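Asker: What follows is the file my_file36.cif, containing mmCIF, C-alpha atoms:
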data_run
loop_
_atom_site.label_atom_id
_atom_site.label_comp_id
_atom_site.auth_asym_id
_atom_site.auth_seq_id
_atom_site.Cartn_x
_atom_site.Cartn_y
_atom_site.Cartn_z
CA MET A 1 4.00 49.78 -45.28
CA LEU A 2 2.37 52.29 -42.93
CA LYS A 3 1.25 49.52 -40.57
CA ARG A 4 4.79 48.05 -40.50
CA LEU A 5 6.23 51.49 -39.76
CA ARG A 6 3.79 52.05 -36.90
CA PHE A 7 4.62 48.61 -35.51
CA ALA A 8 8.34 49.31 -35.70
CA LEU A 9 7.97 52.64 -33.94
CA ALA A 10 5.79 51.12 -31.24
CA SER A 11 8.28 48.29 -30.72
CA ALA A 12 11.19 50.71 -30.47
CA SER A 13 9.28 52.82 -27.95
CA LEU A 14 8.47 49.73 -25.86
CA LEU A 15 12.11 48.64 -25.88
CA PHE A 16 13.21 52.10 -24.76
CA VAL A 17 10.70 52.20 -21.90
CA SER A 18 11.69 48.67 -20.85
CA ALA A 19 15.37 49.61 -20.88
CA VAL A 20 14.76 52.68 -18.74
CA HIS A 21 12.62 50.68 -16.32
CA ALA A 22 15.30 47.98 -16.05
CA ALA A 23 17.96 50.59 -15.36
CA ASP A 24 15.95 51.84 -12.40
CA ASN A 25 15.13 48.40 -11.03
CA PRO A 26 18.27 46.25 -10.76
CA ASN A 27 18.66 43.49 -8.20
CA THR A 28 19.67 45.76 -5.33
CA ASP A 29 18.24 46.76 -1.96
CA MET A 30 17.49 50.32 -3.03
CA VAL A 31 17.15 52.44 -6.15
CA LEU A 32 18.67 55.90 -5.71
CA LEU A 33 17.94 58.76 -8.08
CA THR A 34 19.50 62.18 -8.41
CA GLU A 35 19.78 65.10 -10.84
CA ASN A 36 22.42 67.50 -12.10
CA PHE A 37 22.75 69.86 -9.15
CA PRO A 38 26.43 70.86 -8.93
CA PRO A 39 28.42 70.76 -6.77
CA TYR A 40 26.26 68.25 -4.86
CA ASN A 41 25.53 65.80 -7.70
CA MET A 42 26.43 65.85 -11.39
CA ALA A 43 27.04 63.68 -14.43
CA LYS A 44 30.73 63.50 -15.29
CA ASN A 45 29.90 63.98 -18.98
CA GLY A 46 27.65 66.96 -18.27
CA LYS A 47 24.58 65.24 -19.73
CA ASN A 48 21.18 64.68 -18.13
CA PHE A 49 21.50 60.92 -17.83
CA ALA A 50 24.23 58.94 -16.08
CA GLN A 51 24.59 55.85 -13.92
CA GLY A 52 26.91 54.46 -11.29
CA GLU A 53 30.48 55.69 -11.37
CA ASN A 54 29.64 58.25 -14.06
CA ILE A 55 28.12 60.46 -11.34
CA ASP A 56 30.09 62.50 -8.82
CA GLY A 57 29.70 65.48 -6.50
CA ILE A 58 29.64 66.19 -2.78
CA ALA A 59 26.33 64.46 -2.03
CA THR A 60 27.07 61.54 -4.36
CA ASP A 61 30.34 60.79 -2.59
CA ILE A 62 28.70 61.12 0.82
CA VAL A 63 25.79 58.84 -0.14
CA ARG A 64 28.15 56.21 -1.54
CA GLU A 65 30.08 56.15 1.73
CA ILE A 66 26.85 56.01 3.78
CA PHE A 67 25.61 52.92 1.93
CA LYS A 68 29.04 51.29 2.04
CA ARG A 69 29.19 51.65 5.82
CA ALA A 70 25.59 50.52 6.27
CA ASP A 71 26.28 47.50 4.01
CA ILE A 72 23.19 48.18 1.88
CA THR A 73 23.31 47.60 -1.88
CA TYR A 74 21.92 50.19 -4.26
CA SER A 75 21.81 51.42 -7.84
CA LEU A 76 22.41 55.06 -8.70
CA THR A 77 20.92 56.90 -11.67
CA LEU A 78 21.00 60.59 -12.60
CA ARG A 79 17.89 61.71 -14.47
CA PHE A 80 16.10 64.77 -15.77
CA PRO A 81 13.93 66.62 -14.91
CA TRP A 82 13.87 66.84 -11.12
CA GLU A 83 10.07 66.58 -11.05
CA ARG A 84 10.34 63.06 -12.45
CA VAL A 85 13.01 62.07 -9.92
CA TYR A 86 10.82 63.41 -7.11
CA LYS A 87 7.72 61.56 -8.35
CA LEU A 88 9.54 58.23 -8.72
CA ALA A 89 10.91 58.42 -5.18
CA LEU A 90 7.53 59.45 -3.82
CA GLU A 91 5.57 56.64 -5.45
CA ASN A 92 7.91 53.61 -5.55
CA PRO A 93 8.86 51.46 -2.54
CA GLY A 94 12.61 51.02 -2.21
CA TYR A 95 13.37 54.30 -3.99
CA GLY A 96 15.19 57.37 -2.74
CA ALA A 97 16.17 60.76 -4.14
CA PHE A 98 18.90 63.23 -3.24
CA VAL A 99 19.58 65.98 -2.52
CA MET A 100 16.22 67.28 -1.37
CA ALA A 101 15.32 70.22 0.85
CA ARG A 102 13.45 69.02 3.93
CA LEU A 103 10.43 71.32 4.01
CA PRO A 104 7.34 71.19 6.26
CA ASP A 105 5.01 70.20 3.40
CA ARG A 106 7.34 67.34 2.45
CA GLU A 107 8.03 66.09 5.98
CA LYS A 108 5.43 63.30 6.05
CA LEU A 109 5.86 62.32 2.40
CA PHE A 110 9.32 60.77 2.85
CA LYS A 111 11.70 59.31 5.38
CA TRP A 112 14.87 61.34 5.77
CA VAL A 113 18.61 60.76 6.14
CA GLY A 114 20.78 63.81 6.74
CA PRO A 115 21.53 66.58 6.68
CA ILE A 116 24.02 66.05 3.87
CA GLY A 117 24.81 69.72 3.29
CA PRO A 118 23.52 73.30 3.42
CA ASP A 119 21.59 75.12 0.73
CA ASP A 120 21.06 78.77 1.51
CA TRP A 121 18.50 80.52 -0.68
CA ILE A 122 19.69 83.73 -2.28
CA MET A 123 18.76 86.36 -4.86
CA LEU A 124 21.56 87.05 -7.32
CA ALA A 125 21.84 90.13 -9.52
CA LYS A 126 24.31 91.31 -12.14
CA ALA A 127 27.49 92.86 -10.83
CA ASP A 128 26.43 96.33 -11.98
CA SER A 129 22.80 96.02 -10.84
CA LYS A 130 21.37 98.85 -8.73
CA ILE A 131 18.79 96.54 -7.12
CA THR A 132 18.79 96.48 -3.32
CA LEU A 133 16.51 94.24 -1.28
CA GLN A 134 15.67 94.10 2.40
CA SER A 135 13.07 91.34 2.12
CA LEU A 136 11.24 89.15 -0.37
CA ASP A 137 8.48 91.74 -0.55
CA ASP A 138 10.97 94.14 -2.11
CA ALA A 139 11.50 91.63 -4.95
CA ARG A 140 7.87 91.59 -6.09
CA LYS A 141 8.35 94.33 -8.67
CA TYR A 142 11.19 92.46 -10.42
CA LYS A 143 11.27 89.55 -12.85
CA ILE A 144 12.71 86.59 -10.93
CA GLY A 145 14.20 83.48 -12.55
CA ALA A 146 14.05 80.11 -10.78
CA TYR A 147 14.35 76.36 -11.41
CA LYS A 148 11.13 74.48 -12.20
CA GLY A 149 10.09 72.02 -9.50
CA ASP A 150 12.71 73.27 -7.06
CA ALA A 151 11.76 74.10 -3.48
CA ILE A 152 12.86 77.70 -4.00
CA ALA A 153 10.57 78.18 -6.99
CA THR A 154 7.68 76.49 -5.16
CA THR A 155 8.11 78.70 -2.10
CA LEU A 156 8.26 81.90 -4.16
CA ALA A 157 5.14 80.90 -6.09
CA LYS A 158 3.25 80.22 -2.85
CA GLN A 159 4.15 83.72 -1.69
CA GLY A 160 2.83 85.21 -4.91
CA LEU A 161 6.14 86.27 -6.47
CA LYS A 162 5.41 84.40 -9.73
CA PRO A 163 8.94 83.28 -10.69
CA VAL A 164 9.81 82.62 -14.35
CA VAL A 165 10.97 79.00 -14.28
CA VAL A 166 13.37 77.05 -16.50
CA LEU A 167 14.19 73.35 -16.77
CA ARG A 168 17.91 73.89 -16.07
CA ASP A 169 18.92 76.25 -13.28
CA GLN A 170 22.18 77.19 -15.04
CA ASP A 171 20.14 78.78 -17.84
CA ASN A 172 19.20 81.52 -15.39
CA ALA A 173 22.82 82.71 -15.22
CA LYS A 174 22.86 83.87 -18.84
CA LYS A 175 19.26 85.07 -18.68
CA LEU A 176 20.33 87.32 -15.82
CA VAL A 177 23.36 88.68 -17.68
CA ASN A 178 21.30 89.19 -20.86
CA GLY A 179 18.62 91.14 -19.01
CA GLN A 180 15.86 88.58 -19.52
CA ILE A 181 15.39 88.45 -15.74
CA ASP A 182 16.28 90.95 -13.02
CA LEU A 183 17.03 88.48 -10.24
CA TRP A 184 17.97 84.82 -9.97
CA ALA A 185 16.57 82.88 -7.03
CA THR A 186 18.91 79.97 -6.45
CA GLY A 187 20.91 78.05 -3.89
CA ASP A 188 24.31 78.88 -2.47
CA PRO A 189 26.83 77.38 -3.29
CA ALA A 190 24.99 75.69 -6.18
CA GLY A 191 24.07 78.88 -8.07
CA ARG A 192 27.58 80.32 -8.14
CA TYR A 193 29.01 76.96 -9.19
CA LEU A 194 26.53 76.70 -12.08
CA ALA A 195 27.18 80.29 -13.14
CA ARG A 196 30.94 79.66 -13.37
CA GLN A 197 30.25 76.65 -15.59
CA GLU A 198 28.36 78.96 -17.94
CA GLY A 199 31.21 81.46 -17.95
CA VAL A 200 29.31 83.93 -15.76
CA ILE A 201 31.21 85.45 -12.84
CA GLY A 202 30.87 88.49 -10.63
CA LEU A 203 27.20 88.06 -9.73
CA LYS A 204 26.31 89.67 -6.42
CA THR A 205 24.02 88.50 -3.65
CA VAL A 206 21.33 91.09 -2.98
CA LEU A 207 19.29 88.98 -0.54
CA ARG A 208 19.78 85.84 1.53
CA PHE A 209 16.25 84.80 2.43
CA ASN A 210 16.36 81.26 3.75
CA SER A 211 18.70 78.59 5.02
CA ALA A 212 17.79 75.02 4.16
CA GLU A 213 19.42 71.66 4.75
CA LEU A 214 19.63 69.02 2.03
CA TYR A 215 18.80 65.36 2.65
CA LEU A 216 18.48 61.92 1.14
CA ALA A 217 14.70 61.43 0.89
CA LEU A 218 13.46 57.84 1.02
CA ASN A 219 10.10 56.40 0.05
CA LYS A 220 7.82 55.99 3.08
CA ASP A 221 7.83 52.20 2.68
CA VAL A 222 11.57 51.93 3.36
CA PRO A 223 11.86 50.12 6.74
CA ASP A 224 12.69 52.27 9.75
CA GLU A 225 15.56 49.91 10.53
CA THR A 226 17.15 50.70 7.17
CA VAL A 227 16.72 54.43 7.68
CA ALA A 228 18.32 54.16 11.14
CA LYS A 229 21.34 52.28 9.76
CA LEU A 230 21.88 54.89 7.07
CA GLN A 231 21.54 57.76 9.55
CA ALA A 232 23.97 56.11 11.96
CA ALA A 233 26.51 55.74 9.15
CA LEU A 234 26.21 59.43 8.25
CA ASP A 235 26.48 60.51 11.89
CA GLN A 236 29.66 58.45 12.24
CA MET A 237 31.11 60.01 9.07
CA ARG A 238 30.43 63.50 10.38
CA GLN A 239 32.07 62.73 13.74
CA GLU A 240 35.15 61.40 11.97
CA GLY A 241 35.42 64.48 9.76
CA LYS A 242 34.71 62.46 6.62
CA VAL A 243 31.88 64.76 5.49
CA ASP A 244 34.12 67.84 5.73
CA GLU A 245 36.86 65.95 3.88
CA ILE A 246 34.51 65.18 0.97
CA MET A 247 33.22 68.77 0.81
CA SER A 248 36.75 70.16 0.70
CA LYS A 249 37.37 68.22 -2.53
CA TYR A 250 34.77 70.30 -4.37
CA LEU A 251 34.63 73.70 -2.64
#
Take the structure I supplied and represent it as C-alpha cells, if you would.
Answerer:
Amino acid sequence: MLKRLRFALASASLLFVSAVHAADNPNTDMVLLTENFPPYNMAKNGKNFAQGENIDGIATDIVREIFKRADITYSLTLRFPWERVYKLALENPGYGAFVMARLPDREKLFKWVGPIGPDDWIMLAKADSKITLQSLDDARKYKIGAYKGDAIATTLAKQGLKPVVVLRDQDNAKKLVNGQIDLWATGDPAGRYLARQEGVIGLKTVLRFNSAELYLALNKDVPDETVAKLQAALDQMRQEGKVDEIMSKYL
C-alpha cells in the first residue's frame, strides 16, 4: 500500500511539473513571463497564476500591442514569485520577462525593449508618522519593508540598509499601518496602487530616492533582429500616443 501511495504521489507530481512546463513552452516564437505588479501587470482574478487574456495592466497591454505590430507570436504567463520569473528569462532561450528595472548589473544579462514606463523609488510612511528623511542614510535607523527579489530591495541591501523583505509587496502596506515596519520602500505608482487594494490610504512619501525605467527583458539568445523589430514597434506606439492612451486607462 505504501509503495502504491508513493508511486501515485510521484506520478501526480510529475504530471504537475509537465503541465507547468508545457504551459511555458507552447508552439510560439517567444515565451513571456510576468508577475503581479499592479498597475503594470496583474492577474484579473487576483491570484498568482494566470495566462493569456486573464492578465491585464499597463505593461501587459503595451507588450501585447508591441508583439502584434511586430508580427511575432508569443505566450503570456503570470507566475510567482518574481525570482522564478527572473531566473526563467535569464536561463532559457526565447524567454522574456516584464516589467524589469534596467540596472547596471543587469545590463549585459538581457536584451532590452523599452522603456515601457517609469518606476520611481520612494519611502512611504504612515500618514501620522513624524519621520523625515533627507537621504537614504537617514533611513538606516528605521525598519524598512521591501519586496523580495525586487531591484529596490537588492539596492538597499547592497547599501547596507538590511530591508525586511516579503513575498508580496502589498503585504508591506498593512505591516506599515500596524507598526511592524517604519518605512516601506516601493515603487511609485505601484506602491500606492497596491496599498489602495489593501484598503490602506493616506500614506505619505518621505523620500524619493531613485528614478528607474521599466523594460521588457529578453534572454540574451533572442536574435538582435527580433529585438529591433519589437523596439521599433514600441517607438512607433509612443510617437502615435498609443502608450499614453494605454496608461490613461489605468491611472
Asker: Expand the PyMOL selection byres ((chain A and resi 191-206) around 10) into the individual residues it matches in the shown file, reporting them as a count of residues only.
Answerer: 40
Asker: Just checking: using all atoms listed in the file, which residue out of A:Ile246, A:Ala233, A:Ile144, A:Val222 ends up closest to A:Trp112?
Answerer: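 Of the candidates, the smallest distance to A:Trp112 is held by A:Val222.
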Asker: Go through the shown structure with the PyMOL selection byres ((chain A and resi 65) around 10) and write out the matching residues as a PyMOL selection string.
Answerer: chain A and resi 59-64+66-71+230+233-234+237+242-243
Asker: Find the residues near A:Lys162: any atom within 10 Å, counting all atoms listed in the file, skip ones fewer than 2 places away on the same chain, and give them as an NGL selection string.
Answerer: :A and (140 or 142-146 or 153-160 or 164-165)
Asker: Which centre and edge lengths in Å to one decimal define the box along x, y and z that fits every listed atom of stretch 148-154 of chain A plus 8 Å per side, as JSON?
Answerer:
{"center_x": 10.3, "center_y": 75.1, "center_z": -7.8, "size_x": 21.2, "size_y": 22.2, "size_z": 24.7}
Asker: Rank A:Glu35, A:Glu83, A:Asp29, A:Asp244 by their smallest atom-to-atom distance to A:Asp150, using all atoms listed in the file, and report the top residue only.
Answerer: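 Among A:Glu35, A:Glu83, A:Asp29, A:Asp244, it is A:Glu83 that comes nearest to A:Asp150.
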Asker: I'd like to know which of A:Leu214, A:Ala232, A:Val85, A:Ala97 is closest to A:Asp120, using only C-alpha atoms.
Answerer: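 Nearest candidate to A:Asp120 out of A:Leu214, A:Ala232, A:Val85, A:Ala97: A:Leu214.
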Asker: Generate the missing atoms of stretch 208-240 of chain A up to N, CA and C atoms and report them as a compact mmCIF listing (two decimals), keeping the file's coordinate frame.
Answerer:
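Written output follows (out.txt):
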# COMPACT_ATOMS: atom_id res chain seq x y z
N ARG A 208 19.70 87.23 1.05
CA ARG A 208 19.78 85.84 1.53
C ARG A 208 18.52 85.63 2.36
N PHE A 209 17.58 84.82 1.82
CA PHE A 209 16.25 84.80 2.43
C PHE A 209 15.84 83.49 3.07
N ASN A 210 16.71 82.51 3.05
CA ASN A 210 16.36 81.26 3.75
C ASN A 210 17.60 80.39 3.86
N SER A 211 17.64 79.59 4.88
CA SER A 211 18.70 78.59 5.02
C SER A 211 18.05 77.22 5.11
N ALA A 212 18.37 76.37 4.18
CA ALA A 212 17.79 75.02 4.16
C ALA A 212 18.89 73.98 4.30
N GLU A 213 18.50 72.79 4.69
CA GLU A 213 19.42 71.66 4.75
C GLU A 213 18.97 70.63 3.74
N LEU A 214 19.92 70.00 3.08
CA LEU A 214 19.63 69.02 2.03
C LEU A 214 19.78 67.60 2.56
N TYR A 215 18.89 66.73 2.12
CA TYR A 215 18.80 65.36 2.65
C TYR A 215 18.71 64.32 1.53
N LEU A 216 18.89 63.08 1.94
CA LEU A 216 18.48 61.92 1.14
C LEU A 216 17.05 61.61 1.57
N ALA A 217 16.11 61.69 0.62
CA ALA A 217 14.70 61.43 0.89
C ALA A 217 14.35 60.02 0.43
N LEU A 218 13.79 59.23 1.31
CA LEU A 218 13.46 57.84 1.02
C LEU A 218 11.96 57.63 0.99
N ASN A 219 11.52 56.75 0.12
CA ASN A 219 10.10 56.40 0.05
C ASN A 219 9.61 55.95 1.42
N LYS A 220 8.36 56.27 1.74
CA LYS A 220 7.82 55.99 3.08
C LYS A 220 7.81 54.51 3.43
N ASP A 221 7.86 53.63 2.41
CA ASP A 221 7.83 52.20 2.68
C ASP A 221 9.19 51.61 3.03
N VAL A 222 10.25 52.42 2.95
CA VAL A 222 11.57 51.93 3.36
C VAL A 222 11.52 51.65 4.86
N PRO A 223 11.96 50.47 5.31
CA PRO A 223 11.86 50.12 6.74
C PRO A 223 12.61 51.10 7.64
N ASP A 224 12.05 51.37 8.80
CA ASP A 224 12.69 52.27 9.75
C ASP A 224 14.09 51.79 10.13
N GLU A 225 14.26 50.47 10.19
CA GLU A 225 15.56 49.91 10.53
C GLU A 225 16.62 50.31 9.50
N THR A 226 16.22 50.29 8.23
CA THR A 226 17.15 50.70 7.17
C THR A 226 17.50 52.17 7.28
N VAL A 227 16.49 53.00 7.53
CA VAL A 227 16.72 54.43 7.68
C VAL A 227 17.67 54.70 8.85
N ALA A 228 17.48 53.97 9.95
CA ALA A 228 18.32 54.16 11.14
C ALA A 228 19.77 53.77 10.86
N LYS A 229 19.98 52.69 10.10
CA LYS A 229 21.34 52.28 9.76
C LYS A 229 22.04 53.32 8.90
N LEU A 230 21.31 53.87 7.94
CA LEU A 230 21.88 54.89 7.07
C LEU A 230 22.21 56.16 7.85
N GLN A 231 21.30 56.56 8.75
CA GLN A 231 21.54 57.76 9.55
C GLN A 231 22.73 57.58 10.47
N ALA A 232 22.84 56.39 11.06
CA ALA A 232 23.97 56.11 11.96
C ALA A 232 25.29 56.18 11.20
N ALA A 233 25.29 55.69 9.97
CA ALA A 233 26.51 55.74 9.15
C ALA A 233 26.90 57.18 8.86
N LEU A 234 25.93 58.02 8.52
CA LEU A 234 26.21 59.43 8.25
C LEU A 234 26.71 60.14 9.50
N ASP A 235 26.06 59.88 10.63
CA ASP A 235 26.48 60.51 11.89
C ASP A 235 27.93 60.15 12.22
N GLN A 236 28.29 58.90 11.99
CA GLN A 236 29.66 58.45 12.24
C GLN A 236 30.64 59.18 11.31
N MET A 237 30.26 59.30 10.03
CA MET A 237 31.11 60.01 9.07
C MET A 237 31.35 61.45 9.50
N ARG A 238 30.30 62.09 9.98
CA ARG A 238 30.43 63.50 10.38
C ARG A 238 31.35 63.62 11.60
N GLN A 239 31.22 62.71 12.55
CA GLN A 239 32.07 62.73 13.74
C GLN A 239 33.53 62.52 13.39
N GLU A 240 33.78 61.71 12.37
CA GLU A 240 35.15 61.40 11.97
C GLU A 240 35.76 62.49 11.08
